[in-house]
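Visitor: This is the structure, below, for whatever I ask next.
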Amino acid sequence: MRKRPGKIRIIGGRWRGTRLAVPDLTQLRPTPDRVRETVFNWLRNHIAGSVCLDLYAGTGALGFEAASRGAARVLMVEHNLRLVESMQQQADALKANMVEIVRADAIKWLAVTDLTFDLVFLDPPFGAGLVSRSLEMLNSRSMLRPGGLIYAEAESGLGMTMAGFQIVKQEQAGQVQYMLLEQVERE
């Protein structure tokens, strides 16, 4: 098994090169730099001024990267208190006023929020079927704004229910598949 990094870096934008602390938690798997670089290349024309949701935020790497690159607002949802505290310390140190961190169970939070988003980052813990469940909630509650995109990351070979979304781009890195999704037009 690969050793988890103690810090990960923001790749682009105003906080480029800033290192984010990574708490030592067994099930935490921060998105690797090269995957984040690919994803943010895919999203380069969609970030500035966008409202983003980093669901299952973990270290907050995806959300902080979006904020660094000009997102107007980034909402990070994470259940683990230690991770929430770490992200809040990072946000305070960066003076990231556009970042809001919420401690909540992601599925329960999706069931009660009425917010909508331009971009959603969906990188849940592996092995619990959370990608499909989250996509179903995002679709049924119409949480993606017109033209919005979802970045999803899951274990390779996982059969996922796309729940009203279609794949725009997809790649694989080791045991991880990652993809960009858009909403299928409703009839």
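A note on labels: chains of the structure tokens are A, B, ... as shown, every chain counts residues from 1, and ligands are counted from 1 in their shown order.
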Gln177 of chain A: which residues within 9 Å, counting only C-alpha atoms, same-chain residues fewer than 2 positions away excluded, as a PDB file with N, CA and C atoms, in the first residue's frame?

Guide:
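For reference, part-v1.pdb as written:
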```
ATOM      1  N   ALA A 152     -16.366  13.053 -10.600  1.00  0.00           N
ATOM      2  CA  ALA A 152     -16.557  11.904  -9.719  1.00  0.00           C
ATOM      3  C   ALA A 152     -15.332  11.003  -9.774  1.00  0.00           C
ATOM      4  N   GLU A 153     -14.977  10.473  -8.614  1.00  0.00           N
ATOM      5  CA  GLU A 153     -13.829   9.576  -8.485  1.00  0.00           C
ATOM      6  C   GLU A 153     -14.295   8.328  -7.751  1.00  0.00           C
ATOM      7  N   ALA A 154     -13.910   7.153  -8.280  1.00  0.00           N
ATOM      8  CA  ALA A 154     -14.335   5.897  -7.673  1.00  0.00           C
ATOM      9  C   ALA A 154     -13.307   4.814  -7.959  1.00  0.00           C
ATOM     10  N   GLU A 155     -13.444   3.689  -7.259  1.00  0.00           N
ATOM     11  CA  GLU A 155     -12.536   2.579  -7.506  1.00  0.00           C
ATOM     12  C   GLU A 155     -12.784   2.013  -8.895  1.00  0.00           C
ATOM     13  N   SER A 156     -11.714   1.596  -9.565  1.00  0.00           N
ATOM     14  CA  SER A 156     -11.804   1.049 -10.925  1.00  0.00           C
ATOM     15  C   SER A 156     -12.701  -0.173 -10.951  1.00  0.00           C
ATOM     16  N   GLY A 157     -13.423  -0.320 -12.049  1.00  0.00           N
ATOM     17  CA  GLY A 157     -14.268  -1.484 -12.232  1.00  0.00           C
ATOM     18  C   GLY A 157     -15.588  -1.417 -11.502  1.00  0.00           C
ATOM     19  N   LEU A 158     -15.852  -0.320 -10.826  1.00  0.00           N
ATOM     20  CA  LEU A 158     -17.099  -0.181 -10.091  1.00  0.00           C
ATOM     21  C   LEU A 158     -18.231   0.081 -11.073  1.00  0.00           C
ATOM     22  N   GLN A 170     -13.323  10.723 -19.221  1.00  0.00           N
ATOM     23  CA  GLN A 170     -13.036   9.684 -18.239  1.00  0.00           C
ATOM     24  C   GLN A 170     -11.601   9.216 -18.399  1.00  0.00           C
ATOM     25  N   GLU A 171     -10.943   8.967 -17.277  1.00  0.00           N
ATOM     26  CA  GLU A 171      -9.580   8.428 -17.277  1.00  0.00           C
ATOM     27  C   GLU A 171      -9.436   7.469 -16.104  1.00  0.00           C
ATOM     28  N   GLN A 172      -8.290   6.800 -16.078  1.00  0.00           N
ATOM     29  CA  GLN A 172      -7.980   5.892 -14.981  1.00  0.00           C
ATOM     30  C   GLN A 172      -6.540   6.108 -14.561  1.00  0.00           C
ATOM     31  N   ALA A 173      -6.306   6.051 -13.260  1.00  0.00           N
ATOM     32  CA  ALA A 173      -4.952   6.129 -12.701  1.00  0.00           C
ATOM     33  C   ALA A 173      -4.853   5.036 -11.644  1.00  0.00           C
ATOM     34  N   GLY A 174      -4.115   3.991 -11.947  1.00  0.00           N
ATOM     35  CA  GLY A 174      -3.993   2.880 -11.005  1.00  0.00           C
ATOM     36  C   GLY A 174      -5.346   2.240 -10.751  1.00  0.00           C
ATOM     37  N   GLN A 175      -5.741   2.163  -9.495  1.00  0.00           N
ATOM     38  CA  GLN A 175      -7.006   1.538  -9.113  1.00  0.00           C
ATOM     39  C   GLN A 175      -8.158   2.532  -9.033  1.00  0.00           C
ATOM     40  N   MET A 179     -13.920  10.822 -13.598  1.00  0.00           N
ATOM     41  CA  MET A 179     -14.703  11.243 -14.759  1.00  0.00           C
ATOM     42  C   MET A 179     -15.377  12.578 -14.532  1.00  0.00           C
TER      43      MET A 179
END
```

Visitor: Enumerate as JSON, numbers by chain all residues of chain A assigned to helix (DSSP H, G or I) by DSSP on the backbone, naming them with the chain letters and numbers the document uses.

Guide: {"A": [33, 34, 35, 36, 37, 38, 39, 40, 41, 42, 61, 62, 63, 64, 65, 66, 67, 68, 81, 82, 83, 84, 85, 86, 87, 88, 89, 90, 91, 92, 93, 94, 106, 107, 108, 109, 110, 111, 112, 130, 131, 132, 133, 134, 135, 136, 137, 138, 139, 140]}

Visitor: Quick one: everything within 7 Å of Ala57 of chain A, counting only C-alpha atoms, minus sequence neighbours fewer than 5 positions away in the same chain. Send it as a list of chain:residue names.

Guide: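 Once the nearby chain positions are removed, what remains is A:Met76, A:Val77, A:Glu78.
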
Visitor: Tell me which of A:Ser142, A:Gln88, A:Thr18, A:Ser134 sits closest to Gly60 of chain A, counting only C-alpha atoms.

Guide: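 Once distances to Gly60 of chain A are computed over only C-alpha atoms, the minimum belongs to A:Gln88.
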
Visitor: Excluding same-chain residues fewer than 2 positions from Trp109 of chain A, what lies within 12 Å of it counting only C-alpha atoms, as a ChimeraX atom specification?

Guide: /A:53,55-56,75-79,102-107,111-115,134,137-138,141

Visitor: For Asn97 of chain A, please output as a compact mmCIF listing (two decimals) with N, CA and C atoms, in the first residue's frame all residues within 9 Å (counting only C-alpha atoms; exclusion window: fewer than 5 positions along the same chain).

Guide:
```
# COMPACT_ATOMS: atom_id res chain seq x y z
N ARG A 73 -17.54 30.77 -4.77
CA ARG A 73 -17.92 30.17 -3.49
C ARG A 73 -17.63 28.68 -3.56
N ALA A 91 -8.33 27.11 5.70
CA ALA A 91 -9.12 28.23 5.18
C ALA A 91 -8.77 29.52 5.92
N ASP A 92 -8.61 29.43 7.23
CA ASP A 92 -8.25 30.62 8.02
C ASP A 92 -6.86 31.12 7.63
```

Visitor: Any chance you could list, as number ranges by chain, the residues in chain A that come up strand (DSSP E) when DSSP is run on the backbone?

Guide: A: 7-9, 19-21, 51-55, 73-78, 99-103, 117-122, 144-155, 165-173, 176-183

Visitor: Report as a PyMOL selection string all protein, DNA and RNA residues lying within 9 Å of Ala72 of chain A, evaluated on only C-alpha atoms, omitting residues in the same chain fewer than 4 positions from it.

Guide: chain A and resi 47-52+67+98-99

Visitor: Rounded to one decimal place, report the atom CA of Arg19 of chain A-atom CA of Lys169 of chain A distance in Å.

Guide: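 Computed distance, atom CA of Arg19 of chain A to atom CA of Lys169 of chain A, equals 28.0 Å.
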
Visitor: Give me the residues within 9 Å of Arg16 of chain A as a PyMOL selection string, counting only C-alpha atoms and dropping any in the same chain fewer than 4 places off.

Guide: chain A and resi 9-12+65+68-69

Visitor: For the selection you just gave me, I'd like the residues written to a file as a JSON list (two decimals), in the first residue's frame, keeping N, CA and C atoms.

Guide:
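That gives us result_19.json:
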```
[["chain", "number", "residue", "atom", "x", "y", "z"],
["A", 9, "ARG", "N", -0.07, 19.67, -2.31],
["A", 9, "ARG", "CA", 0.06, 21.07, -2.71],
["A", 9, "ARG", "C", -1.07, 21.50, -3.63],
["A", 10, "ILE", "N", -1.36, 22.79, -3.56],
["A", 10, "ILE", "CA", -2.29, 23.39, -4.51],
["A", 10, "ILE", "C", -1.49, 23.62, -5.79],
["A", 11, "ILE", "N", -2.05, 23.20, -6.92],
["A", 11, "ILE", "CA", -1.31, 23.17, -8.18],
["A", 11, "ILE", "C", -1.36, 24.49, -8.94],
["A", 12, "GLY", "N", -2.48, 25.20, -8.88],
["A", 12, "GLY", "CA", -2.60, 26.42, -9.69],
["A", 12, "GLY", "C", -3.35, 27.53, -8.98],
["A", 65, "GLU", "N", -8.38, 23.96, -4.34],
["A", 65, "GLU", "CA", -7.85, 24.16, -5.70],
["A", 65, "GLU", "C", -8.83, 25.02, -6.51],
["A", 68, "SER", "N", -8.66, 28.57, -5.26],
["A", 68, "SER", "CA", -7.41, 29.18, -5.70],
["A", 68, "SER", "C", -7.50, 29.65, -7.15],
["A", 69, "ARG", "N", -8.30, 28.94, -7.94],
["A", 69, "ARG", "CA", -8.42, 29.24, -9.37],
["A", 69, "ARG", "C", -9.60, 30.15, -9.70]]
```

Visitor: Just checking: using only C-alpha atoms, which residue out of A:Ile150, A:Ile8, A:Val22, A:Val176 ends up closest to Glu85 of chain A?

Guide: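 Checking each candidate against Glu85 of chain A, we get A:Val22 as the closest.
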
Visitor: Considering only C-alpha atoms, state which residue in the set A:Leu135, A:Leu81, A:Val120, A:Ala61 is at the smallest distance from Val35 of chain A.

Guide: A:Ala61

Visitor: Choose the residue, out of A:Met87, A:Leu180, A:Val131, A:Leu122, that has the smallest atom-to-atom separation from Val39 of chain A; count only C-alpha atoms.

Guide: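 Of A:Met87, A:Leu180, A:Val131, A:Leu122, the one nearest Val39 of chain A, counting only C-alpha atoms, is A:Leu180.
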
Visitor: What does the structure give for the distance between atom CA of Ala163 of chain A and atom CA of Arg34 of chain A, in Å to one decimal?

Guide: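 About the pair atom CA of Ala163 of chain A and atom CA of Arg34 of chain A: they are 28.0 Å apart.
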
Visitor: Please indicate the distance in Å from atom CA of Val184 of chain A to atom CA of Tyr151 of chain A, rounded to one decimal place.

Guide: 15.0 Å

Visitor: Considering only C-alpha atoms, state which residue in the set A:Leu181, A:Leu110, A:Ile101, A:Leu144 is at the smallest distance from Ser86 of chain A.

Guide: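 Comparing A:Leu181, A:Leu110, A:Ile101, A:Leu144 against Ser86 of chain A, the winner is A:Ile101.
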
Visitor: Between A:Lys95, A:Phe117, A:Ser140, A:Gln90, single out the one closest to Val74 of chain A, counting only C-alpha atoms.

Guide: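 Smallest distance to Val74 of chain A is found for A:Phe117.
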